[in-house]
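A.B. asks: For reference, this is entry_13.cif, and it has mmCIF, C-alpha atoms and all ligand atoms.
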```cif
data_entry
loop_
_atom_site.label_atom_id
_atom_site.label_comp_id
_atom_site.auth_asym_id
_atom_site.auth_seq_id
_atom_site.Cartn_x
_atom_site.Cartn_y
_atom_site.Cartn_z
CA MET A 1 -13.19 -30.70 20.15
CA ASN A 2 -12.18 -33.72 22.04
CA THR A 3 -15.07 -35.73 23.44
CA PRO A 4 -14.48 -39.34 22.46
CA SER A 5 -14.91 -40.66 25.97
CA LEU A 6 -18.40 -39.22 26.12
CA ALA A 7 -19.13 -42.40 24.24
CA LYS A 8 -18.14 -44.19 27.42
CA LEU A 9 -21.01 -42.44 29.15
CA ALA A 10 -24.55 -43.29 28.30
CA GLN A 11 -26.34 -40.35 26.73
CA SER A 12 -29.15 -39.84 29.22
CA GLY A 13 -28.67 -37.44 32.10
CA THR A 14 -29.74 -40.05 34.61
CA ALA A 15 -27.16 -42.54 33.33
CA ARG A 16 -24.38 -39.92 33.38
CA THR A 17 -25.33 -39.06 36.95
CA GLU A 18 -25.17 -42.72 37.95
CA VAL A 19 -21.69 -43.09 36.43
CA LEU A 20 -20.49 -40.07 38.44
CA ARG A 21 -22.14 -41.29 41.64
CA ASP A 22 -20.67 -44.77 41.28
CA LEU A 23 -17.22 -43.29 40.75
CA LEU A 24 -17.39 -40.92 43.74
CA ARG A 25 -18.69 -43.68 46.01
CA THR A 26 -15.40 -45.52 45.50
CA ARG A 27 -13.44 -42.48 46.82
CA GLN A 28 -13.10 -40.77 50.19
CA ARG A 29 -11.95 -37.19 49.66
CA LEU A 30 -12.67 -35.08 46.62
CA LEU A 31 -10.62 -32.02 45.69
CA VAL A 32 -12.40 -29.61 43.34
CA LEU A 33 -10.32 -27.25 41.17
CA THR A 34 -11.27 -24.70 38.57
CA HIS A 35 -9.66 -22.01 36.41
CA ASN A 36 -7.59 -19.13 37.75
CA ASN A 37 -9.62 -16.22 39.23
CA PRO A 38 -12.84 -18.24 39.50
CA ASP A 39 -16.02 -16.71 38.11
CA PRO A 40 -19.60 -17.41 39.27
CA ASP A 41 -20.13 -20.36 36.93
CA SER A 42 -16.98 -22.10 38.11
CA LEU A 43 -17.79 -21.39 41.77
CA GLY A 44 -21.39 -22.53 41.29
CA GLY A 45 -20.23 -25.71 39.55
CA ALA A 46 -17.70 -26.38 42.33
CA VAL A 47 -20.20 -25.82 45.15
CA GLY A 48 -22.83 -27.96 43.38
CA LEU A 49 -20.39 -30.79 42.71
CA MET A 50 -19.25 -30.78 46.35
CA GLU A 51 -22.86 -30.95 47.47
CA PHE A 52 -23.49 -33.87 45.09
CA ALA A 53 -20.41 -35.66 46.42
CA ARG A 54 -21.45 -35.13 50.05
CA LEU A 55 -25.20 -35.79 49.80
CA ALA A 56 -25.37 -38.41 47.04
CA CYS A 57 -22.05 -40.16 47.64
CA GLY A 58 -21.25 -39.48 51.30
CA ILE A 59 -17.67 -38.31 50.77
CA GLU A 60 -15.68 -35.32 52.03
CA THR A 61 -14.83 -32.43 49.73
CA LYS A 62 -12.69 -29.35 49.43
CA LEU A 63 -12.47 -26.49 46.94
CA ALA A 64 -9.04 -25.04 46.19
CA ILE A 65 -8.41 -22.04 43.97
CA THR A 66 -5.61 -20.19 42.22
CA GLY A 67 -5.67 -16.44 41.66
CA LYS A 68 -8.27 -14.18 43.23
CA ILE A 69 -12.00 -13.62 43.38
CA LEU A 70 -12.08 -10.36 41.50
CA ARG A 71 -15.45 -8.80 40.72
CA ALA A 72 -17.50 -7.20 43.47
CA GLU A 73 -20.40 -9.54 42.53
CA ASN A 74 -18.17 -12.61 42.79
CA GLN A 75 -16.80 -11.48 46.15
CA ALA A 76 -20.37 -10.95 47.35
CA MET A 77 -21.25 -14.45 46.14
CA VAL A 78 -18.46 -15.98 48.24
CA ARG A 79 -19.39 -13.85 51.25
CA GLU A 80 -23.20 -14.19 51.12
CA LEU A 81 -23.14 -17.93 50.47
CA ALA A 82 -20.21 -18.56 52.82
CA ILE A 83 -18.35 -20.55 50.16
CA GLU A 84 -15.30 -22.10 51.78
CA MET A 85 -12.10 -22.50 49.81
CA ASP A 86 -8.37 -22.80 50.26
CA ARG A 87 -5.50 -21.62 48.13
CA LEU A 88 -4.22 -24.52 46.05
CA ASP A 89 -0.62 -23.94 47.16
CA THR A 90 -1.59 -24.37 50.84
CA ILE A 91 -3.15 -27.83 50.60
CA LYS A 92 -1.61 -31.28 50.58
CA LEU A 93 -2.58 -33.06 47.39
CA SER A 94 -1.88 -36.46 48.90
CA ASP A 95 -4.83 -35.90 51.28
CA PHE A 96 -7.17 -36.46 48.34
CA ASP A 97 -7.96 -39.57 46.34
CA CYS A 98 -10.06 -37.84 43.71
CA VAL A 99 -9.56 -34.58 41.75
CA ALA A 100 -12.22 -32.79 39.72
CA LEU A 101 -11.80 -29.86 37.33
CA VAL A 102 -14.92 -27.77 36.69
CA ASP A 103 -15.65 -25.10 34.07
CA THR A 104 -12.27 -25.69 32.41
CA GLN A 105 -10.04 -28.48 31.11
CA PRO A 106 -6.44 -29.58 31.60
CA GLY A 107 -4.17 -27.53 29.33
CA PHE A 108 -6.31 -24.40 29.12
CA GLY A 109 -4.18 -21.25 29.41
CA HIS A 110 -5.93 -19.89 32.51
CA THR A 111 -5.86 -23.19 34.41
CA PHE A 112 -3.19 -24.52 36.72
CA VAL A 113 -3.12 -28.19 37.63
CA PRO A 114 -0.05 -29.18 39.70
CA ALA A 115 2.38 -31.34 37.71
CA GLY A 116 1.75 -35.05 38.17
CA THR A 117 -1.84 -34.57 39.37
CA ALA A 118 -4.23 -37.03 37.79
CA VAL A 119 -7.57 -35.37 37.07
CA ASP A 120 -10.34 -37.95 37.53
CA ILE A 121 -13.34 -35.78 36.70
CA VAL A 122 -13.70 -33.04 34.09
CA ILE A 123 -16.97 -31.14 33.76
CA ASP A 124 -17.03 -28.21 31.33
CA HIS A 125 -18.85 -26.46 28.50
CA HIS A 126 -15.99 -24.75 26.63
CA VAL A 127 -14.43 -25.47 23.27
CA CYS A 128 -10.69 -24.93 23.11
CA ASP A 129 -7.80 -26.03 20.90
CA ASP A 130 -5.46 -26.16 23.89
CA SER A 131 -7.21 -28.98 25.69
CA LYS A 132 -4.72 -31.56 26.91
CA LEU A 133 -7.47 -33.91 27.94
CA ASP A 134 -6.46 -37.51 27.78
CA PRO A 135 -9.81 -39.31 27.79
CA SER A 136 -8.12 -42.57 28.77
CA GLN A 137 -6.88 -40.90 31.98
CA THR A 138 -10.17 -39.22 32.91
CA ALA A 139 -12.61 -41.53 34.65
CA PHE A 140 -15.54 -39.15 34.21
CA LEU A 141 -15.59 -36.67 31.36
CA ASP A 142 -18.61 -34.49 30.68
CA VAL A 143 -17.81 -31.67 28.24
CA ARG A 144 -20.89 -30.22 26.55
CA PRO A 145 -20.34 -27.00 24.58
CA ASP A 146 -24.05 -26.85 23.70
CA ILE A 147 -24.92 -26.16 27.35
CA GLY A 148 -24.89 -22.54 28.58
CA ALA A 149 -23.14 -23.11 31.90
CA THR A 150 -21.09 -25.68 33.78
CA SER A 151 -23.42 -25.00 36.72
CA THR A 152 -26.27 -26.36 34.58
CA ILE A 153 -24.44 -29.64 33.99
CA VAL A 154 -23.65 -29.97 37.70
CA GLY A 155 -27.19 -28.91 38.71
CA SER A 156 -28.57 -31.63 36.45
CA TYR A 157 -26.67 -34.27 38.47
CA LEU A 158 -28.47 -33.11 41.64
CA MET A 159 -31.77 -33.06 39.74
CA HIS A 160 -31.32 -36.56 38.29
CA ALA A 161 -30.09 -37.96 41.61
CA GLY A 162 -33.16 -36.57 43.37
CA VAL A 163 -31.00 -34.54 45.76
CA GLU A 164 -32.71 -31.51 47.36
CA PRO A 165 -30.06 -28.80 47.07
CA SER A 166 -29.30 -26.58 50.06
CA PRO A 167 -30.08 -22.87 49.61
CA GLN A 168 -26.30 -22.30 49.37
CA ALA A 169 -25.77 -24.75 46.49
CA ALA A 170 -29.01 -23.84 44.71
CA THR A 171 -28.19 -20.12 44.83
CA ALA A 172 -24.58 -20.64 43.74
CA LEU A 173 -25.63 -22.83 40.80
CA HIS A 174 -28.42 -20.42 39.85
CA TYR A 175 -26.10 -17.41 39.88
CA GLY A 176 -23.51 -19.34 37.85
CA ILE A 177 -26.06 -20.17 35.15
CA ARG A 178 -27.44 -16.66 35.19
CA THR A 179 -24.06 -14.99 34.62
CA ASP A 180 -22.85 -17.38 31.92
CA THR A 181 -26.12 -17.19 29.99
CA ALA A 182 -26.80 -13.47 30.61
CA ASP A 183 -30.06 -14.28 32.42
CA LEU A 184 -30.91 -17.15 30.08
CA SER A 185 -30.57 -14.93 27.01
CA ARG A 186 -27.44 -16.34 25.32
CA ASN A 187 -26.11 -19.85 24.62
CA VAL A 188 -29.20 -21.26 26.31
CA SER A 189 -30.19 -24.90 26.00
CA LYS A 190 -33.33 -26.65 27.18
CA LEU A 191 -31.34 -28.13 30.05
CA ASP A 192 -30.30 -24.66 31.28
CA VAL A 193 -33.95 -23.65 31.62
CA GLN A 194 -34.87 -26.98 33.21
CA VAL A 195 -32.14 -26.73 35.85
CA VAL A 196 -32.98 -23.09 36.64
CA GLU A 197 -36.58 -24.21 37.26
CA PHE A 198 -35.39 -27.13 39.40
CA LEU A 199 -33.30 -24.77 41.56
CA ALA A 200 -35.95 -22.05 41.85
CA LYS A 201 -37.74 -23.23 44.97
CA HIS A 202 -34.49 -23.74 46.87
CA LEU A 203 -33.00 -20.25 46.35
CA ASP A 204 -31.88 -17.88 49.07
CA ARG A 205 -33.46 -14.84 47.44
CA GLN A 206 -32.08 -12.37 49.93
CA ALA A 207 -28.52 -13.57 49.33
CA LEU A 208 -29.17 -13.48 45.60
CA ALA A 209 -30.23 -9.83 45.74
CA ALA A 210 -27.11 -8.93 47.73
CA ILE A 211 -24.91 -10.73 45.19
CA THR A 212 -26.53 -9.09 42.17
CA ASN A 213 -26.20 -5.49 43.41
CA PRO A 214 -23.07 -5.13 45.55
CA ASP A 215 -21.41 -1.80 46.33
CA LEU A 216 -18.75 -1.01 43.75
CA PRO A 217 -15.38 0.60 44.49
CA VAL A 218 -14.62 4.08 43.14
CA ALA A 219 -11.79 2.52 41.09
CA TYR A 220 -14.43 0.60 39.14
CA PHE A 221 -16.01 3.81 37.86
CA ARG A 222 -12.60 5.28 37.09
CA THR A 223 -11.77 2.24 34.92
CA LEU A 224 -15.14 2.48 33.24
CA LYS A 225 -14.66 6.14 32.37
CA ASP A 226 -11.23 5.32 30.98
CA ALA A 227 -12.61 2.37 28.99
CA LEU A 228 -15.32 4.44 27.33
CA SER A 229 -12.75 6.98 26.16
CA LYS A 230 -10.92 4.19 24.32
CA VAL A 231 -13.83 2.69 22.43
CA ARG A 232 -13.51 2.58 18.63
CA LEU A 233 -16.65 1.98 16.61
CA TYR A 234 -16.56 0.39 13.21
CA ASP A 235 -19.45 -0.85 11.16
CA GLY A 236 -21.17 -3.19 13.66
CA LEU A 237 -17.86 -3.89 15.39
CA VAL A 238 -16.76 -2.30 18.66
CA LEU A 239 -13.09 -2.40 19.60
CA CYS A 240 -11.79 -1.35 22.97
CA SER A 241 -8.32 -1.71 24.41
CA LEU A 242 -8.15 -0.62 28.02
CA GLY A 243 -4.36 -0.41 28.13
CA ASN A 244 -3.21 -1.24 31.67
CA THR A 245 -6.19 -2.37 33.67
CA THR A 246 -7.16 -4.03 36.95
CA SER A 247 -8.26 -7.54 35.98
CA ALA A 248 -9.41 -9.89 33.25
CA GLU A 249 -12.91 -9.57 34.75
CA MET A 250 -12.94 -5.84 34.06
CA VAL A 251 -12.17 -6.58 30.40
CA ALA A 252 -15.08 -9.04 30.31
CA GLU A 253 -17.41 -6.61 32.03
CA VAL A 254 -16.64 -3.80 29.58
CA ALA A 255 -17.15 -6.24 26.67
CA ASP A 256 -20.57 -7.24 28.04
CA MET A 257 -21.57 -3.62 28.44
CA LEU A 258 -20.43 -2.57 24.96
CA LEU A 259 -22.36 -5.39 23.31
CA ARG A 260 -25.50 -3.60 24.43
CA MET A 261 -24.71 -0.66 22.14
CA GLU A 262 -27.26 -0.37 19.34
CA GLY A 263 -26.25 -1.98 16.06
CA THR A 264 -23.31 -3.88 17.57
CA LYS A 265 -22.62 -7.28 16.01
CA ALA A 266 -19.38 -8.01 17.85
CA VAL A 267 -17.14 -6.60 20.57
CA PHE A 268 -13.40 -7.24 20.85
CA CYS A 269 -12.07 -5.89 24.12
CA GLY A 270 -8.60 -6.23 25.64
CA GLY A 271 -6.55 -5.04 28.59
CA LEU A 272 -3.13 -5.57 30.09
CA VAL A 273 -2.74 -6.92 33.62
CA GLY A 274 0.92 -7.28 34.50
CA GLN A 275 2.49 -9.20 31.60
CA SER A 276 -0.78 -10.71 30.43
CA TYR A 277 -3.00 -9.15 27.81
CA TYR A 278 -6.56 -10.41 28.38
CA ILE A 279 -9.18 -10.45 25.65
CA SER A 280 -12.95 -10.82 25.82
CA VAL A 281 -15.06 -11.26 22.70
CA ARG A 282 -18.83 -11.01 22.56
CA THR A 283 -21.02 -11.41 19.52
CA GLU A 284 -24.73 -10.95 18.95
CA THR A 285 -26.84 -14.08 19.45
CA GLY A 286 -25.97 -16.74 16.90
CA GLY A 287 -22.45 -15.37 16.36
CA ASP A 288 -19.28 -17.39 16.78
CA ALA A 289 -17.11 -15.57 19.31
CA TRP A 290 -14.50 -18.30 19.43
CA ARG A 291 -13.88 -18.05 15.68
CA LEU A 292 -13.43 -14.29 16.01
CA ILE A 293 -11.02 -14.46 18.96
CA LYS A 294 -9.00 -17.17 17.19
CA ALA A 295 -8.71 -14.97 14.11
CA GLY A 296 -7.84 -11.98 16.32
CA ILE A 297 -4.90 -13.65 18.04
CA GLU A 298 -3.70 -15.79 15.13
CA THR A 299 -0.44 -13.83 14.85
CA GLU A 300 0.25 -14.13 18.61
CA GLU A 301 1.38 -16.75 21.10
CA GLY A 302 -1.80 -16.97 23.11
CA SER A 303 -4.58 -19.21 24.24
CA CYS A 304 -8.33 -18.84 24.03
CA GLY A 305 -11.59 -20.64 24.63
CA GLY A 306 -15.26 -19.95 24.25
CA HIS A 307 -18.75 -21.11 23.54
CA GLY A 308 -21.36 -19.57 21.26
CA SER A 309 -21.39 -15.80 21.52
CA VAL A 310 -18.82 -15.56 24.34
CA ALA A 311 -15.05 -16.11 24.21
CA GLY A 312 -11.98 -15.12 26.16
CA GLY A 313 -8.25 -15.50 25.87
CA SER A 314 -4.87 -14.19 26.89
CA ILE A 315 -1.49 -13.40 25.43
CA THR A 316 1.63 -13.27 27.60
CA LEU A 317 4.02 -10.48 26.65
CA ASP A 318 7.79 -10.80 27.17
CA CYS A 319 7.95 -7.10 27.68
CA ALA A 320 4.91 -5.06 28.71
CA ASP A 321 6.06 -1.53 27.80
CA SER A 322 3.73 0.88 26.07
CA ARG A 323 5.36 0.46 22.66
CA THR A 324 4.96 -3.34 22.70
CA LEU A 325 1.38 -2.90 23.87
CA ARG A 326 0.53 -0.42 21.11
CA ARG A 327 2.00 -2.73 18.47
CA LEU A 328 0.05 -5.69 19.84
CA GLU A 329 -3.17 -3.66 19.82
CA ARG A 330 -2.57 -2.67 16.21
CA ARG A 331 -1.96 -6.27 15.11
CA LEU A 332 -5.07 -7.48 16.92
CA GLU A 333 -7.15 -4.71 15.42
CA ARG A 334 -5.93 -5.56 11.93
CA ASN A 335 -6.71 -9.26 12.40
CA VAL A 336 -10.18 -8.61 13.79
CA LEU A 337 -11.13 -6.11 11.08
CA LYS A 338 -10.02 -8.62 8.46
CA ALA A 339 -11.98 -11.45 10.07
CA MET A 340 -15.11 -9.30 10.23
CA GLY A 341 -14.61 -7.98 6.70
CA VAL A 342 -14.75 -4.41 8.03
CA SER A 343 -12.76 -1.49 6.65
CA GLY A 344 -10.43 0.14 9.17
CA ALA A 345 -10.77 3.55 7.54
CA ASN A 346 -13.92 4.78 9.25
CA ALA A 347 -13.41 4.29 12.96
CA VAL A 348 -15.37 6.64 15.21
CA LYS A 349 -14.60 7.36 18.86
CA LEU A 350 -17.27 7.84 21.50
CA GLY A 351 -17.62 11.49 22.41
CA GLU A 352 -15.99 12.72 19.24
CA ASN A 353 -18.20 13.94 16.42
CA ASP A 354 -21.26 12.41 18.03
CA ASP A 355 -24.25 12.10 15.86
MN MN B 1 -18.67 -21.29 32.43
#
```
Can you present the structure in this file as structure tokens?
Ligand SMILES: [Mn+2]
C.D. replies:
Amino acid sequence: MNTPSLAKLAQSGTARTEVLRDLLRTRQRLLVLTHNNPDPDSLGGAVGLMEFARLACGIETKLAITGKILRAENQAMVRELAIEMDRLDTIKLSDFDCVALVDTQPGFGHTFVPAGTAVDIVIDHHVCDDSKLDPSQTAFLDVRPDIGATSTIVGSYLMHAGVEPSPQAATALHYGIRTDTADLSRNVSKLDVQVVEFLAKHLDRQALAAITNPDLPVAYFRTLKDALSKVRLYDGLVLCSLGNTTSAEMVAEVADMLLRMEGTKAVFCGGLVGQSYYISVRTETGGDAWRLIKAGIETEEGSCGGHGSVAGGSITLDCADSRTLRRLERRLERNVLKAMGVSGANAVKLGENDD
């Protein structure tokens, strides 16, 4: 992990916040970027950082995204909280004199930063071998893998600056923390709890309820049914390859769900979207999901990142036909079984020979 320039920042939260505020006060227009297909933590972090920039530093802001908002919950978050954003390819970069990247880092596989764009601010909580961070080029770098959510780090800036968050920002940050920490049950630090408490009295509880339980399309249940038919159970390890599927988020959602199965120590779940094979790994609390996903894709050209018991990655296939897919699935399965020290001989399918 690459955090040398953290040394540039004083360790206390208040001092970090002051460094960020002083930097933003020297700029006029902040552009906030995140990873492709933004998830709640990245959206929460973006909304919170924009609020910090506006209220604590008095500058204008804009959020620009690549990809799509995919899950029904994430779409409800954008709708209920009226989060404004533009597509990155429709904005003029020269309109901005400051660029921030939240919940990801330059060089990560699922992150697009236009060539020649200097990233001034990086705020993230992932570990990843692919980071192309050049600490000497980043004026403000705050990467803390021990924190459960990027939204927590951003929320702490508002807290330390004494900014009263709007219901929109408080709810976005809260939902970001909640999804990345599975309701404060995984990868949780003291700061995560502290920031959730700080945000509590500012929440729009009605919006939050609408975000948490949105209507789900019929296609969602079809994918779920299909996913369950492909589950393979080993000793404490659950493997599931969805074949062709709708989105990386669906892969993550199935992985989350399967981790809840009794006796499960780890889940390795994958699915093909176009030419990209997405992988989500979940382990029981205290597990190292990043180590497992790295071992899983070691024979492939792919990228991955993670923190604690959660990791994700992708592999781009030259050819996405069913034979190539099957071979890839077999190689991944072999790698994962080896890494977990599990024998491949006694796989059980759901619905077959149930006990
Ligand atoms: Mn995150």
A.B. asks: Give me, as a list of chain:residue names, all polymer residues having an atom no more than 8 Å from A:Gln137, counting only C-alpha atoms and skipping those fewer than 3 positions away in the same chain.
C.D. replies: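 Returned residues: A:Ala118, A:Val119, A:Asp120, A:Asp134.
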A.B. asks: Please find the residues contacting ligand MN 1 (chain B) at a distance of at most 12 Å between atoms, with only C-alpha atoms and all ligand atoms counted, and report them as a PDB file with C-alpha atoms, in the coordinates of the input.
C.D. replies:
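Ended up saving to out_33.pdb:
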```
ATOM      1  CA  THR A  34     -11.270 -24.700  38.570  1.00  0.00           C
ATOM      2  CA  HIS A  35      -9.660 -22.010  36.410  1.00  0.00           C
ATOM      3  CA  PRO A  38     -12.840 -18.240  39.500  1.00  0.00           C
ATOM      4  CA  ASP A  39     -16.020 -16.710  38.110  1.00  0.00           C
ATOM      5  CA  PRO A  40     -19.600 -17.410  39.270  1.00  0.00           C
ATOM      6  CA  ASP A  41     -20.130 -20.360  36.930  1.00  0.00           C
ATOM      7  CA  SER A  42     -16.980 -22.100  38.110  1.00  0.00           C
ATOM      8  CA  LEU A  43     -17.790 -21.390  41.770  1.00  0.00           C
ATOM      9  CA  GLY A  44     -21.390 -22.530  41.290  1.00  0.00           C
ATOM     10  CA  GLY A  45     -20.230 -25.710  39.550  1.00  0.00           C
ATOM     11  CA  ALA A  46     -17.700 -26.380  42.330  1.00  0.00           C
ATOM     12  CA  VAL A 102     -14.920 -27.770  36.690  1.00  0.00           C
ATOM     13  CA  ASP A 103     -15.650 -25.100  34.070  1.00  0.00           C
ATOM     14  CA  THR A 104     -12.270 -25.690  32.410  1.00  0.00           C
ATOM     15  CA  GLN A 105     -10.040 -28.480  31.110  1.00  0.00           C
ATOM     16  CA  ILE A 123     -16.970 -31.140  33.760  1.00  0.00           C
ATOM     17  CA  ASP A 124     -17.030 -28.210  31.330  1.00  0.00           C
ATOM     18  CA  HIS A 125     -18.850 -26.460  28.500  1.00  0.00           C
ATOM     19  CA  HIS A 126     -15.990 -24.750  26.630  1.00  0.00           C
ATOM     20  CA  VAL A 127     -14.430 -25.470  23.270  1.00  0.00           C
ATOM     21  CA  VAL A 143     -17.810 -31.670  28.240  1.00  0.00           C
ATOM     22  CA  ARG A 144     -20.890 -30.220  26.550  1.00  0.00           C
ATOM     23  CA  PRO A 145     -20.340 -27.000  24.580  1.00  0.00           C
ATOM     24  CA  ASP A 146     -24.050 -26.850  23.700  1.00  0.00           C
ATOM     25  CA  ILE A 147     -24.920 -26.160  27.350  1.00  0.00           C
ATOM     26  CA  GLY A 148     -24.890 -22.540  28.580  1.00  0.00           C
ATOM     27  CA  ALA A 149     -23.140 -23.110  31.900  1.00  0.00           C
ATOM     28  CA  THR A 150     -21.090 -25.680  33.780  1.00  0.00           C
ATOM     29  CA  SER A 151     -23.420 -25.000  36.720  1.00  0.00           C
ATOM     30  CA  THR A 152     -26.270 -26.360  34.580  1.00  0.00           C
ATOM     31  CA  ILE A 153     -24.440 -29.640  33.990  1.00  0.00           C
ATOM     32  CA  VAL A 154     -23.650 -29.970  37.700  1.00  0.00           C
ATOM     33  CA  LEU A 173     -25.630 -22.830  40.800  1.00  0.00           C
ATOM     34  CA  TYR A 175     -26.100 -17.410  39.880  1.00  0.00           C
ATOM     35  CA  GLY A 176     -23.510 -19.340  37.850  1.00  0.00           C
ATOM     36  CA  ILE A 177     -26.060 -20.170  35.150  1.00  0.00           C
ATOM     37  CA  ARG A 178     -27.440 -16.660  35.190  1.00  0.00           C
ATOM     38  CA  THR A 179     -24.060 -14.990  34.620  1.00  0.00           C
ATOM     39  CA  ASP A 180     -22.850 -17.380  31.920  1.00  0.00           C
ATOM     40  CA  THR A 181     -26.120 -17.190  29.990  1.00  0.00           C
ATOM     41  CA  ALA A 182     -26.800 -13.470  30.610  1.00  0.00           C
ATOM     42  CA  ASN A 187     -26.110 -19.850  24.620  1.00  0.00           C
ATOM     43  CA  GLY A 305     -11.590 -20.640  24.630  1.00  0.00           C
ATOM     44  CA  GLY A 306     -15.260 -19.950  24.250  1.00  0.00           C
ATOM     45  CA  HIS A 307     -18.750 -21.110  23.540  1.00  0.00           C
ATOM     46  CA  GLY A 308     -21.360 -19.570  21.260  1.00  0.00           C
ATOM     47  CA  VAL A 310     -18.820 -15.560  24.340  1.00  0.00           C
ATOM     48  CA  ALA A 311     -15.050 -16.110  24.210  1.00  0.00           C
ATOM     49  CA  GLY A 312     -11.980 -15.120  26.160  1.00  0.00           C
TER      50      GLY A 312
END
```
A.B. asks: Please compute the atom CA of A:Pro217-atom CA of A:Leu259 distance, one decimal, in Å.
C.D. replies: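 Between atom CA of A:Pro217 and atom CA of A:Leu259 the gap works out to 23.1 Å.
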A.B. asks: Would you list the contacts of stretch 72-80 of chain A as a ChimeraX atom specification, taking every protein, DNA or RNA residue within 6 Å and counting all atoms listed in the file, but skipping same-chain residues closer than 3 positions in sequence?
C.D. replies: /A:69,83,207,211,214
A.B. asks: My list of candidates is A:Leu325, A:Asp235, A:Thr285, A:Gly13. Which is closest to A:Leu191 when distances are computed with all atoms listed in the file?
C.D. replies: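 Closest to A:Leu191 of all the choices is A:Gly13.
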A.B. asks: Find the residue from A:Asp95, A:Pro165, A:Gly287, A:Ser303 that sits nearest to A:His110; use only C-alpha atoms when measuring.
C.D. replies: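 Looking at the shortest contact to A:His110, the residue is A:Ser303.
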A.B. asks: Can you check which parts of stretch 136-255 of chain A lie within 10 Å of stretch 263-272 of chain A? Per residue, the shortest pair of atoms and distance in Å to one decimal, counting all atoms listed in the file, sorted by chain and number, as JSON lines.
C.D. replies:
```
{"residue": "A:Ala227", "atom": "CA", "partner": "A:Gly271", "partner_atom": "CA", "distance": 9.6}
{"residue": "A:Val231", "atom": "CA", "partner": "A:Cys269", "partner_atom": "CA", "distance": 8.9}
{"residue": "A:Leu233", "atom": "CA", "partner": "A:Thr264", "partner_atom": "CA", "distance": 8.9}
{"residue": "A:Tyr234", "atom": "CA", "partner": "A:Thr264", "partner_atom": "CA", "distance": 9.1}
{"residue": "A:Asp235", "atom": "CA", "partner": "A:Thr264", "partner_atom": "CA", "distance": 8.1}
{"residue": "A:Gly236", "atom": "CA", "partner": "A:Thr264", "partner_atom": "CA", "distance": 4.5}
{"residue": "A:Leu237", "atom": "CA", "partner": "A:Ala266", "partner_atom": "CA", "distance": 5.0}
{"residue": "A:Val238", "atom": "CA", "partner": "A:Val267", "partner_atom": "CA", "distance": 4.7}
{"residue": "A:Leu239", "atom": "CA", "partner": "A:Phe268", "partner_atom": "CA", "distance": 5.0}
{"residue": "A:Cys240", "atom": "CA", "partner": "A:Cys269", "partner_atom": "CA", "distance": 4.7}
{"residue": "A:Ser241", "atom": "CA", "partner": "A:Gly270", "partner_atom": "CA", "distance": 4.7}
{"residue": "A:Leu242", "atom": "CA", "partner": "A:Gly271", "partner_atom": "CA", "distance": 4.7}
{"residue": "A:Gly243", "atom": "CA", "partner": "A:Gly271", "partner_atom": "CA", "distance": 5.1}
{"residue": "A:Asn244", "atom": "CA", "partner": "A:Leu272", "partner_atom": "CA", "distance": 4.6}
{"residue": "A:Thr245", "atom": "CA", "partner": "A:Leu272", "partner_atom": "CA", "distance": 5.7}
{"residue": "A:Thr246", "atom": "CA", "partner": "A:Leu272", "partner_atom": "CA", "distance": 8.1}
{"residue": "A:Ser247", "atom": "CA", "partner": "A:Gly271", "partner_atom": "CA", "distance": 8.0}
{"residue": "A:Ala248", "atom": "CA", "partner": "A:Gly271", "partner_atom": "CA", "distance": 7.3}
{"residue": "A:Glu249", "atom": "CA", "partner": "A:Gly271", "partner_atom": "CA", "distance": 9.9}
{"residue": "A:Met250", "atom": "CA", "partner": "A:Gly271", "partner_atom": "CA", "distance": 8.4}
{"residue": "A:Val251", "atom": "CA", "partner": "A:Gly270", "partner_atom": "CA", "distance": 6.0}
{"residue": "A:Ala252", "atom": "CA", "partner": "A:Cys269", "partner_atom": "CA", "distance": 7.6}
{"residue": "A:Glu253", "atom": "CA", "partner": "A:Cys269", "partner_atom": "CA", "distance": 9.6}
{"residue": "A:Val254", "atom": "CA", "partner": "A:Cys269", "partner_atom": "CA", "distance": 7.4}
{"residue": "A:Ala255", "atom": "CA", "partner": "A:Cys269", "partner_atom": "CA", "distance": 5.7}
```
A.B. asks: One decimal, in Å: what's the spacing between atom CA of A:Ile297 and atom CA of A:Arg326?
C.D. replies: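 Going from atom CA of A:Ile297 over to atom CA of A:Arg326, I get 14.6 Å.
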A.B. asks: Nearest residue to A:Asp318 out of A:Gly155, A:Gly274, A:Gly286, A:Gly296, using only C-alpha atoms?
C.D. replies: A:Gly274
A.B. asks: Rounded to one decimal in Å, what is the spacing between atom CA of A:Thr26 and atom CA of A:Ala161?
C.D. replies: 17.0 Å
A.B. asks: Box in all listed atoms of stretch 94-110 of chain A, axis-aligned, with 4 Å more on each side; write out centre and edge lengths in Å to one decimal as lines of an AutoDock Vina configuration file.
C.D. replies:
```
center_x = -8.8
center_y = -29.7
center_z = 40.2
size_x = 21.8
size_y = 27.7
size_z = 30.2
```
A.B. asks: Could you check the closest approach to A:Ala170 for each of A:Asp192, A:Asp321, A:Asp22, A:Asp204 and tell me which residue wins, using only C-alpha atoms?
C.D. replies: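 Looking only at the distances to A:Ala170, the closest residue turns out to be A:Asp204.
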A.B. asks: I need the residue nearest A:Ile59 from this list: A:Ala209, A:Val113, A:Ala15, A:Leu23. Use only C-alpha atoms for the distance.
C.D. replies: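 Smallest separation from A:Ile59 among the options: A:Leu23.
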A.B. asks: Let me make sure I understand: among A:Leu30, A:Leu63, A:Leu292, A:Val19, which one has the smallest atom-to-atom distance to A:Asp142 if we use all atoms listed in the file?
C.D. replies: A:Val19
